[in-house]
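Below is one structure, written out as structure tokens; the observations come after it.
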Amino acid sequence: DALPDLVASAASPLHAVTFAEVGERRPLSLSAEVAAVRTVQEGITNALRHLEPPVEVTVRLRWAPAEVVVEVRDDGGRALRDTGGQGTGLMGIEERVRTAGGTLSVDDGDDGWVLRARLPTKEGE
């Protein structure tokens, strides 16, 4: 329930951040809920921190009976920023997702990054 507000609060004139949800919501364990929110936070934060604006970020939730797929996709912005190094945020997200019984993938495509977490619903556990 917190994700639409989280996404809306990240938007600015230089950062278009949108939210879409497909499918019927299913119950999640507390660890899966936390992993979903942290995945979205980290994906948005990384896009805004590491990319030169303007930047477009899309957050999508796709619900299925056994899982929810949380996807944060950016358009690559104008260019990468030199932020002086990489943090440990993605490693922390990967651990949270794995603890919740899910998987995390990070893809660097021609048109930006995609952070994707697959988390089990209570029906899929």
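Simple scheme: letters A, B, ... for chains in structure tokens order, numbers from 1 for residues in each chain, numbers from 1 for ligands in the order shown.
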Closest-contact table, segment 48-90 of chain A side, partner segment 107-122 of chain A, 10 Å, counting only C-alpha atoms, as a tab-separated table:
```
residue	atom	partner	partner_atom	distance
A:Leu51	CA	A:Gly112	CA	9.4
A:Val55	CA	A:Gly112	CA	9.8
A:Glu56	CA	A:Gly112	CA	9.6
A:Val57	CA	A:Gly112	CA	9.5
A:Thr58	CA	A:Val114	CA	9.5
A:Val59	CA	A:Leu115	CA	9.6
A:Arg60	CA	A:Arg116	CA	9.5
A:Leu61	CA	A:Ala117	CA	9.7
A:Arg62	CA	A:Arg118	CA	9.5
A:Trp63	CA	A:Thr121	CA	8.8
A:Ala64	CA	A:Thr121	CA	8.3
A:Pro65	CA	A:Thr121	CA	7.0
A:Ala66	CA	A:Thr121	CA	5.3
A:Glu67	CA	A:Pro120	CA	4.2
A:Val68	CA	A:Leu119	CA	5.4
A:Val69	CA	A:Arg118	CA	4.6
A:Val70	CA	A:Ala117	CA	5.1
A:Glu71	CA	A:Arg116	CA	4.4
A:Val72	CA	A:Leu115	CA	5.1
A:Arg73	CA	A:Val114	CA	4.4
A:Asp74	CA	A:Gly112	CA	5.2
A:Asp75	CA	A:Gly112	CA	4.5
A:Gly76	CA	A:Gly112	CA	3.8
A:Gly77	CA	A:Gly112	CA	7.5
A:Ala79	CA	A:Gly112	CA	9.8
A:Leu80	CA	A:Gly112	CA	10.0
A:Leu90	CA	A:Leu115	CA	9.3
```
As a ChimeraX atom specification, list the residues of segment 45-120 of chain A assigned to alpha helix (DSSP H) by DSSP on the backbone atoms of this structure. /A:45-50,89-99
As a PyMOL selection string, please: every residue in chain A that a backbone DSSP assignment puts in strand (DSSP E or B). chain A and resi 12+15-22+51+55-63+67-74+80+103-109+112-120
